[in-house]
Structure formats: C-alpha cells, structure tokens
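Colleague: Below is the file my_file.cif, which contains mmCIF, C-alpha atoms.
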data_upload
#
loop_
_atom_site.label_atom_id
_atom_site.label_comp_id
_atom_site.auth_asym_id
_atom_site.auth_seq_id
_atom_site.Cartn_x
_atom_site.Cartn_y
_atom_site.Cartn_z
CA MET A 1 -37.06 44.05 -33.14
CA GLY A 2 -34.01 43.92 -30.92
CA LYS A 3 -30.62 42.69 -31.95
CA SER A 4 -30.26 38.94 -31.63
CA VAL A 5 -27.83 37.69 -29.01
CA PRO A 6 -25.52 34.84 -30.01
CA LYS A 7 -26.19 31.68 -28.03
CA LYS A 8 -23.49 30.04 -25.98
CA LYS A 9 -22.28 26.74 -27.35
CA GLN A 10 -24.10 23.93 -25.55
CA PHE A 11 -22.59 20.51 -24.84
CA ALA A 12 -24.71 17.52 -25.68
CA ALA A 13 -24.73 15.03 -22.82
CA GLY A 14 -22.72 12.52 -24.83
CA ASP A 15 -20.16 15.12 -25.92
CA GLU A 16 -19.66 16.31 -22.37
CA GLU A 17 -19.24 12.78 -21.07
CA SER A 18 -16.76 12.02 -23.85
CA ALA A 19 -14.76 15.17 -23.11
CA ARG A 20 -14.77 14.37 -19.40
CA GLY A 21 -13.51 10.87 -20.07
CA ARG A 22 -10.72 12.12 -22.35
CA LEU A 23 -9.64 14.73 -19.82
CA LEU A 24 -9.62 12.19 -17.00
CA SER A 25 -7.66 9.71 -19.10
CA ALA A 26 -5.12 12.34 -20.20
CA ALA A 27 -4.72 13.78 -16.71
CA THR A 28 -4.34 10.33 -15.17
CA HIS A 29 -1.59 9.38 -17.60
CA LEU A 30 0.31 12.66 -17.26
CA PHE A 31 -0.07 13.03 -13.49
CA CYS A 32 1.10 9.46 -12.92
CA LYS A 33 3.96 9.63 -15.43
CA ASN A 34 5.28 13.16 -14.87
CA GLY A 35 3.83 14.25 -11.55
CA ILE A 36 1.00 16.59 -10.65
CA ASN A 37 3.08 19.72 -10.19
CA ALA A 38 5.05 19.11 -13.38
CA THR A 39 1.89 18.73 -15.48
CA GLY A 40 0.24 21.91 -16.67
CA ILE A 41 -3.28 22.45 -17.95
CA ASP A 42 -2.01 22.98 -21.50
CA ALA A 43 -0.39 19.54 -21.59
CA ILE A 44 -3.62 17.92 -20.39
CA ILE A 45 -5.90 19.61 -22.92
CA ASP A 46 -3.39 18.93 -25.70
CA GLU A 47 -3.39 15.20 -24.96
CA ALA A 48 -7.16 15.12 -24.41
CA GLY A 49 -7.91 17.13 -27.56
CA THR A 50 -10.23 19.54 -25.76
CA ALA A 51 -10.36 23.28 -25.19
CA LYS A 52 -9.19 24.85 -21.94
CA THR A 53 -12.69 26.23 -21.42
CA THR A 54 -14.04 22.68 -21.56
CA LEU A 55 -11.73 21.57 -18.76
CA TYR A 56 -12.79 24.46 -16.54
CA LYS A 57 -16.46 23.96 -17.40
CA LEU A 58 -16.33 20.32 -16.39
CA PHE A 59 -13.93 20.44 -13.44
CA GLY A 60 -13.63 24.06 -12.38
CA SER A 61 -9.92 23.91 -11.52
CA LYS A 62 -6.80 21.78 -11.76
CA THR A 63 -7.21 20.82 -8.10
CA ASN A 64 -10.69 19.49 -8.76
CA LEU A 65 -9.33 17.55 -11.74
CA VAL A 66 -6.63 16.01 -9.52
CA ASN A 67 -9.31 15.04 -7.00
CA ALA A 68 -11.39 13.43 -9.77
CA VAL A 69 -8.36 11.52 -11.05
CA LEU A 70 -7.51 10.19 -7.59
CA GLU A 71 -11.12 9.14 -6.92
CA SER A 72 -11.35 7.43 -10.31
CA GLU A 73 -7.96 5.73 -10.07
CA GLY A 74 -8.64 4.64 -6.50
CA LYS A 75 -11.93 3.02 -7.44
CA ALA A 76 -10.42 1.24 -10.44
CA TRP A 77 -7.39 0.04 -8.46
CA ARG A 78 -9.47 -1.24 -5.55
CA GLU A 79 -11.74 -3.18 -7.91
CA TRP A 80 -8.71 -4.72 -9.59
CA PHE A 81 -6.84 -5.46 -6.35
CA ILE A 82 -9.78 -6.97 -4.48
CA GLY A 83 -10.76 -8.89 -7.59
CA ALA A 84 -7.22 -10.27 -7.86
CA MET A 85 -7.50 -11.63 -4.32
CA GLU A 86 -11.02 -12.98 -4.70
CA ASP A 87 -10.85 -14.46 -8.21
CA GLY A 88 -10.32 -18.18 -8.07
CA GLY A 89 -12.08 -18.62 -4.76
CA GLY A 90 -10.46 -20.66 -2.02
CA ASP A 91 -10.10 -19.89 1.65
CA ALA A 92 -9.01 -16.59 3.17
CA GLN A 93 -5.38 -17.65 3.40
CA ALA A 94 -5.30 -18.51 -0.31
CA LYS A 95 -6.79 -15.10 -1.13
CA LEU A 96 -4.22 -13.23 0.96
CA LYS A 97 -1.40 -15.14 -0.70
CA ARG A 98 -2.54 -13.78 -4.07
CA ILE A 99 -1.61 -10.22 -3.07
CA PHE A 100 2.04 -10.24 -4.06
CA PRO A 101 1.72 -12.21 -7.31
CA ALA A 102 -0.94 -9.66 -8.33
CA LEU A 103 1.37 -6.78 -7.48
CA LYS A 104 4.15 -8.38 -9.49
CA ARG A 105 1.90 -8.46 -12.56
CA TRP A 106 1.01 -4.81 -12.01
CA PHE A 107 4.67 -3.81 -11.67
CA ALA A 108 5.42 -5.42 -15.02
CA GLU A 109 2.88 -3.27 -16.88
CA GLU A 110 4.28 -0.67 -19.27
CA ARG A 111 2.26 2.12 -17.64
CA PHE A 112 3.17 1.30 -14.06
CA TYR A 113 4.09 4.61 -12.43
CA GLY A 114 3.75 3.71 -8.77
CA CYS A 115 0.83 4.51 -6.49
CA PRO A 116 -0.96 7.75 -7.46
CA PHE A 117 -1.84 8.37 -3.80
CA ILE A 118 1.70 7.98 -2.51
CA ASN A 119 2.94 10.16 -5.36
CA ALA A 120 0.31 12.87 -4.81
CA VAL A 121 0.89 13.09 -1.06
CA ALA A 122 4.68 13.08 -1.52
CA GLU A 123 4.48 16.00 -3.96
CA HIS A 124 2.65 18.29 -1.59
CA ASP A 125 3.15 19.82 1.84
CA LYS A 126 2.28 17.37 4.59
CA ASP A 127 -0.26 19.85 5.93
CA ALA A 128 -2.14 19.84 2.60
CA LYS A 129 -5.10 17.64 3.50
CA GLN A 130 -7.04 17.67 0.23
CA PHE A 131 -5.17 14.77 -1.36
CA ARG A 132 -4.21 13.10 1.91
CA ASN A 133 -7.88 12.64 2.85
CA ILE A 134 -8.65 10.93 -0.46
CA ALA A 135 -5.61 8.69 0.04
CA LEU A 136 -6.74 7.78 3.56
CA ARG A 137 -10.24 6.87 2.37
CA HIS A 138 -8.70 4.65 -0.30
CA LYS A 139 -6.38 3.00 2.21
CA LYS A 140 -9.25 2.41 4.64
CA VAL A 141 -11.18 0.35 2.08
CA VAL A 142 -8.13 -1.74 1.17
CA LEU A 143 -7.21 -2.34 4.81
CA ALA A 144 -10.77 -3.30 5.71
CA HIS A 145 -10.84 -6.02 3.05
CA ILE A 146 -7.45 -7.41 4.06
CA GLU A 147 -8.40 -7.31 7.74
CA LYS A 148 -11.62 -9.22 7.04
CA LEU A 149 -9.68 -11.94 5.23
CA ALA A 150 -7.16 -12.03 8.07
CA ALA A 151 -9.99 -12.50 10.57
CA ASP A 152 -11.60 -15.19 8.41
CA MET A 153 -8.22 -16.94 8.27
CA GLY A 154 -8.09 -16.95 12.07
CA ALA A 155 -5.24 -14.48 12.57
CA ALA A 156 -4.60 -13.74 16.24
CA GLU A 157 -4.55 -10.00 15.50
CA PRO A 158 -6.29 -9.33 12.16
CA GLN A 159 -5.86 -5.57 12.33
CA MET A 160 -2.14 -5.82 12.99
CA LEU A 161 -1.68 -8.36 10.22
CA ALA A 162 -3.59 -6.11 7.81
CA HIS A 163 -1.33 -3.18 8.63
CA GLN A 164 1.79 -5.35 8.29
CA LEU A 165 0.67 -6.46 4.84
CA ALA A 166 -0.20 -2.86 3.92
CA LEU A 167 3.33 -1.75 4.84
CA LEU A 168 4.78 -4.50 2.66
CA ILE A 169 2.46 -3.53 -0.18
CA ASP A 170 3.39 0.16 0.00
CA GLY A 171 7.08 -0.65 0.31
CA ALA A 172 6.96 -2.98 -2.66
CA ILE A 173 5.17 -0.34 -4.78
CA VAL A 174 7.74 2.34 -3.98
CA ALA A 175 10.67 -0.02 -4.53
CA ALA A 176 9.23 -1.26 -7.82
CA TRP A 177 8.67 2.31 -9.00
CA CYS A 178 12.31 3.07 -8.17
CA ARG A 179 13.27 -0.12 -10.03
CA ALA A 180 14.99 -1.30 -6.86
CA ILE A 181 13.11 -4.52 -6.20
CA PRO A 182 14.21 -7.92 -7.60
CA GLY A 183 11.41 -10.02 -9.03
CA TRP A 184 12.06 -12.98 -6.75
CA LEU A 185 11.34 -10.85 -3.70
CA ILE A 186 7.62 -10.61 -4.43
CA ARG A 187 6.80 -14.11 -5.62
CA GLY A 188 4.19 -14.51 -2.93
CA PRO A 189 5.20 -17.72 -1.19
CA ARG A 190 8.30 -15.92 0.12
CA CYS A 191 5.94 -13.72 2.11
CA GLY A 192 4.14 -16.72 3.50
CA ASN A 193 5.71 -16.37 6.97
CA LEU A 194 2.97 -13.90 7.81
CA TYR A 195 0.45 -16.69 7.37
CA GLU A 196 2.23 -19.35 9.41
CA PRO A 197 0.58 -20.86 12.52
CA SER A 198 2.48 -18.50 14.84
CA LYS A 199 0.36 -15.69 13.46
CA VAL A 200 -2.90 -17.61 13.55
CA ARG A 201 -5.18 -18.50 16.45
CA LYS A 202 -5.52 -22.18 17.18
CA PRO A 203 -9.14 -23.17 16.54
CA LYS A 204 -11.07 -24.02 19.70
CA ARG A 205 -11.81 -27.66 20.26
CA ALA A 206 -15.43 -28.65 20.11
CA GLY A 207 -16.97 -28.67 23.56
CA ALA A 208 -14.01 -26.92 25.18
CA VAL A 209 -14.90 -25.17 28.43
CA ASN A 210 -13.32 -21.88 29.41
CA SER A 211 -11.48 -22.06 32.73
#
Spit out the file's structure as structure tokens when you get a sec.
Modeller:
Amino acid sequence: MGKSVPKKKQFAAGDEESARGRLLSAATHLFCKNGINATGIDAIIDEAGTAKTTLYKLFGSKTNLVNAVLESEGKAWREWFIGAMEDGGGDAQAKLKRIFPALKRWFAEERFYGCPFINAVAEHDKDAKQFRNIALRHKKVVLAHIEKLAADMGAAEPQMLAHQLALLIDGAIVAAWCRAIPGWLIRGPRCGNLYEPSKVRKPKRAGAVNS
C-alpha cells in the first residue's frame, strides 16, 4: 500500500461564507477609516480573525478584496439612500427634499468616514480605472433615480437638475468628512431653491394647442 497523502483542509460552505463576511466587514471598516493604501493584509486578517491563506483563497488579492468592498458598500449605500428618499411616500418633490436630511443623519453616525468611492479614487492615480469604473457605475444608478424623480416633478431639465444635486451631495460628503460643514447648511429646506418654479416646467393646460 502506498503512503497516505494528507488531505487539504476543506471549508464548509457556511464557514467560507462566514469568513468572507468577516473579511468584508473588517476590510470595509479599515479601508474607510484608514484608507486603502494605509491598510495592509495583516491588519485585515487580524480584525477579521482569519488566516492570510483564507483571504487569498476567497478573494485572490487585495485588489479583488477592494473591488468586493466597493461593490458591497455601493449596493448597501444605494439601498439606504434610495430608501431614504422613497420612504414616507409623497410626490417626487417631497422625495427629492429628503436627500439632505438623510445625508445629515448619515454624517452624524460614529462610523461616517466619507464616501468610499471618492476616497478610493482620490487615493489612486487618475489613470487607474479599476476603482473609477466601479465608482462610475455606482454614480450612474444614483443619478438615474434622482433624474427620474426630477422628471416626475416636472423639472425643465431633469438631467441637469440631477447633476446639480449630485454635485451638492458630493460636496456635502467631502465637507462633512473634513468636519468643515455646519449642520444648518444641510437642513434640506435651505436647498429648496432647486425645486422652485423657475426650475420646473409649467404644466400644459388641458386642450392647449401648439402654435
């Protein structure tokens, strides 16, 4: 009989999923708090309580782990953000006016570390497209929802209004992360000028005939 060969340790499906979740959670916290470049693999596995081999088995590389974190965080943030606008119902204008009060609540959270996409892109060369592409896909979904609400509201230029709001959102996030934004500035109603009649199409009168 030949010499027996030791079997490689096998992950049960539940164990692997648990390890993946812990690694994602640890990496998310450390990347957001300390930065991607400043966070090493050892710090991640120490916080996650896993072996280095487990991280590489599940993700293959630190870059793949960063990609997974950004995809996961983006999905979670979009669900929260869109939910914050939609919860409570009302018309499109009411939903858009919920944007800044929602951001204010987010800024007040203990683990608010800014936008992971802005942070990731800022940390890397502008020609590095791997994180930029994920950020752009995330932004596209957010903009599309805002633009739809702007169109439903009757904005004269829904796309332009969506981009204006997106600029305010990004600016508020960066300023809040730098602790440079006073609370009164993002109370919501103060940003209401974007929703005034000058930005909105006048509804057509019933039976009006085009000249």
Colleague: For Ala26 of chain A, work out the shell of residues within 9 Å, counting all atoms listed in the file and skipping chain neighbours fewer than 3 positions away, then give it as a PyMOL selection string.
Modeller: chain A and resi 21-23+29-31+43-48
Colleague: Between A:Leu161, A:Asp152, A:Arg20, A:Val141, which one has atoms that come closest to Lys57 of chain A, using all atoms listed in the file?
Modeller: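 Closest candidate: A:Arg20.
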Colleague: Here is a test: counting all atoms listed in the file, which residue of A:Lys52, A:His138, A:Lys62, A:His163 is nearest to Cys115 of chain A?
Modeller: A:His138
Colleague: If we count all atoms listed in the file and set the cut-off at 8 Å, which residues sit around segment 79-92 of chain A, ignoring sequence neighbours fewer than 2 positions away in its own chain? Please answer as a list in words.
Modeller: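 Contacts, with the query itself left out: Lys75, Ala76, Trp77, Ala94, Lys95, Leu96, Lys97, Arg98, Ile99, Ala102, Val142, His145, Leu149, Ala150, Asp152 and Met153 of chain A.
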Colleague: Considering all atoms listed in the file, state which residue in the set A:Ala19, A:Ile118, A:Ile36, A:Ala27 is at the smallest distance from Leu136 of chain A.
Modeller: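 Selected residue with least distance to Leu136 of chain A: A:Ile118.
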Colleague: Just how far from atom CA of Thr28 of chain A is atom CA of Leu70 of chain A, in Å to one decimal?
Modeller: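 So the two atoms, atom CA of Leu70 of chain A and atom CA of Thr28 of chain A, lie 8.2 Å apart.
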Colleague: For a test of reading the model, state the distance in Å between atom CA of Phe112 of chain A and atom CA of Ile134 of chain A, rounded to one decimal.
Modeller: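 Atom-to-atom, atom CA of Phe112 of chain A to atom CA of Ile134 of chain A, that is 20.4 Å.
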Colleague: Counting all atoms listed in the file, which residue out of A:Gln130, A:Thr63, A:Ser72, A:Ser25 sits closest to Gly49 of chain A?
Modeller: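 Closest to Gly49 of chain A of all the choices is A:Ser25.
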Colleague: What does the distance from atom CA of Gly40 of chain A to atom CA of Lys129 of chain A come to in Å, to one decimal?
Modeller: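 Spanning atom CA of Gly40 of chain A to atom CA of Lys129 of chain A is a straight-line distance of 21.3 Å.
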Colleague: Write segment 164-175 of chain A as a PDB file, in the frame of the given file, completed to all heavy atoms.
Modeller:
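This is the output file out21.pdb:
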ATOM      1  N   GLN A 164       0.487  -4.813   8.703  1.00  0.00           N
ATOM      2  CA  GLN A 164       1.790  -5.350   8.290  1.00  0.00           C
ATOM      3  C   GLN A 164       1.815  -5.605   6.783  1.00  0.00           C
ATOM      4  O   GLN A 164       2.788  -5.259   6.095  1.00  0.00           O
ATOM      5  CB  GLN A 164       2.082  -6.641   9.052  1.00  0.00           C
ATOM      6  CG  GLN A 164       2.406  -6.431  10.516  1.00  0.00           C
ATOM      7  CD  GLN A 164       2.541  -7.743  11.264  1.00  0.00           C
ATOM      8  OE1 GLN A 164       1.947  -8.763  10.890  1.00  0.00           O
ATOM      9  NE2 GLN A 164       3.318  -7.740  12.344  1.00  0.00           N
ATOM     10  N   LEU A 165       0.749  -6.204   6.282  1.00  0.00           N
ATOM     11  CA  LEU A 165       0.670  -6.460   4.840  1.00  0.00           C
ATOM     12  C   LEU A 165       0.619  -5.143   4.065  1.00  0.00           C
ATOM     13  O   LEU A 165       1.236  -5.021   3.002  1.00  0.00           O
ATOM     14  CB  LEU A 165      -0.549  -7.319   4.526  1.00  0.00           C
ATOM     15  CG  LEU A 165      -0.428  -8.788   4.929  1.00  0.00           C
ATOM     16  CD1 LEU A 165      -1.782  -9.497   4.824  1.00  0.00           C
ATOM     17  CD2 LEU A 165       0.602  -9.497   4.055  1.00  0.00           C
ATOM     18  N   ALA A 166      -0.104  -4.157   4.594  1.00  0.00           N
ATOM     19  CA  ALA A 166      -0.200  -2.860   3.920  1.00  0.00           C
ATOM     20  C   ALA A 166       1.171  -2.193   3.818  1.00  0.00           C
ATOM     21  O   ALA A 166       1.506  -1.579   2.789  1.00  0.00           O
ATOM     22  CB  ALA A 166      -1.180  -1.950   4.648  1.00  0.00           C
ATOM     23  N   LEU A 167       1.976  -2.317   4.874  1.00  0.00           N
ATOM     24  CA  LEU A 167       3.330  -1.750   4.840  1.00  0.00           C
ATOM     25  C   LEU A 167       4.176  -2.448   3.771  1.00  0.00           C
ATOM     26  O   LEU A 167       4.931  -1.794   3.040  1.00  0.00           O
ATOM     27  CB  LEU A 167       3.997  -1.897   6.206  1.00  0.00           C
ATOM     28  CG  LEU A 167       3.553  -0.917   7.285  1.00  0.00           C
ATOM     29  CD1 LEU A 167       4.153  -1.301   8.633  1.00  0.00           C
ATOM     30  CD2 LEU A 167       3.957   0.512   6.927  1.00  0.00           C
ATOM     31  N   LEU A 168       4.049  -3.760   3.682  1.00  0.00           N
ATOM     32  CA  LEU A 168       4.780  -4.500   2.660  1.00  0.00           C
ATOM     33  C   LEU A 168       4.315  -4.112   1.258  1.00  0.00           C
ATOM     34  O   LEU A 168       5.122  -3.979   0.334  1.00  0.00           O
ATOM     35  CB  LEU A 168       4.609  -6.010   2.868  1.00  0.00           C
ATOM     36  CG  LEU A 168       5.337  -6.607   4.075  1.00  0.00           C
ATOM     37  CD1 LEU A 168       4.940  -8.075   4.249  1.00  0.00           C
ATOM     38  CD2 LEU A 168       6.848  -6.488   3.914  1.00  0.00           C
ATOM     39  N   ILE A 169       3.018  -3.926   1.114  1.00  0.00           N
ATOM     40  CA  ILE A 169       2.460  -3.530  -0.180  1.00  0.00           C
ATOM     41  C   ILE A 169       3.002  -2.162  -0.595  1.00  0.00           C
ATOM     42  O   ILE A 169       3.511  -1.982  -1.712  1.00  0.00           O
ATOM     43  CB  ILE A 169       0.926  -3.507  -0.135  1.00  0.00           C
ATOM     44  CG1 ILE A 169       0.377  -4.927  -0.012  1.00  0.00           C
ATOM     45  CG2 ILE A 169       0.345  -2.827  -1.375  1.00  0.00           C
ATOM     46  CD1 ILE A 169      -1.091  -4.991   0.372  1.00  0.00           C
ATOM     47  N   ASP A 170       2.912  -1.187   0.315  1.00  0.00           N
ATOM     48  CA  ASP A 170       3.390   0.160   0.000  1.00  0.00           C
ATOM     49  C   ASP A 170       4.889   0.159  -0.286  1.00  0.00           C
ATOM     50  O   ASP A 170       5.356   0.826  -1.215  1.00  0.00           O
ATOM     51  CB  ASP A 170       3.090   1.112   1.160  1.00  0.00           C
ATOM     52  CG  ASP A 170       1.617   1.457   1.269  1.00  0.00           C
ATOM     53  OD1 ASP A 170       0.876   1.178   0.307  1.00  0.00           O
ATOM     54  OD2 ASP A 170       1.203   2.012   2.301  1.00  0.00           O
ATOM     55  N   GLY A 171       5.642  -0.577   0.525  1.00  0.00           N
ATOM     56  CA  GLY A 171       7.080  -0.650   0.310  1.00  0.00           C
ATOM     57  C   GLY A 171       7.430  -1.270  -1.025  1.00  0.00           C
ATOM     58  O   GLY A 171       8.336  -0.799  -1.732  1.00  0.00           O
ATOM     59  N   ALA A 172       6.707  -2.326  -1.382  1.00  0.00           N
ATOM     60  CA  ALA A 172       6.960  -2.980  -2.660  1.00  0.00           C
ATOM     61  C   ALA A 172       6.638  -2.052  -3.829  1.00  0.00           C
ATOM     62  O   ALA A 172       7.371  -2.013  -4.823  1.00  0.00           O
ATOM     63  CB  ALA A 172       6.130  -4.259  -2.768  1.00  0.00           C
ATOM     64  N   ILE A 173       5.556  -1.277  -3.710  1.00  0.00           N
ATOM     65  CA  ILE A 173       5.170  -0.340  -4.780  1.00  0.00           C
ATOM     66  C   ILE A 173       6.249   0.709  -4.975  1.00  0.00           C
ATOM     67  O   ILE A 173       6.668   0.990  -6.107  1.00  0.00           O
ATOM     68  CB  ILE A 173       3.819   0.319  -4.450  1.00  0.00           C
ATOM     69  CG1 ILE A 173       2.687  -0.703  -4.516  1.00  0.00           C
ATOM     70  CG2 ILE A 173       3.539   1.474  -5.419  1.00  0.00           C
ATOM     71  CD1 ILE A 173       1.355  -0.189  -3.992  1.00  0.00           C
ATOM     72  N   VAL A 174       6.710   1.299  -3.872  1.00  0.00           N
ATOM     73  CA  VAL A 174       7.740   2.340  -3.980  1.00  0.00           C
ATOM     74  C   VAL A 174       9.035   1.759  -4.543  1.00  0.00           C
ATOM     75  O   VAL A 174       9.665   2.355  -5.434  1.00  0.00           O
ATOM     76  CB  VAL A 174       7.994   2.983  -2.603  1.00  0.00           C
ATOM     77  CG1 VAL A 174       9.187   3.937  -2.669  1.00  0.00           C
ATOM     78  CG2 VAL A 174       6.755   3.746  -2.128  1.00  0.00           C
ATOM     79  N   ALA A 175       9.437   0.591  -4.046  1.00  0.00           N
ATOM     80  CA  ALA A 175      10.670  -0.020  -4.530  1.00  0.00           C
ATOM     81  C   ALA A 175      10.570  -0.387  -5.999  1.00  0.00           C
ATOM     82  O   ALA A 175      11.524  -0.200  -6.771  1.00  0.00           O
ATOM     83  CB  ALA A 175      10.998  -1.262  -3.699  1.00  0.00           C
TER      84      ALA A 175
END
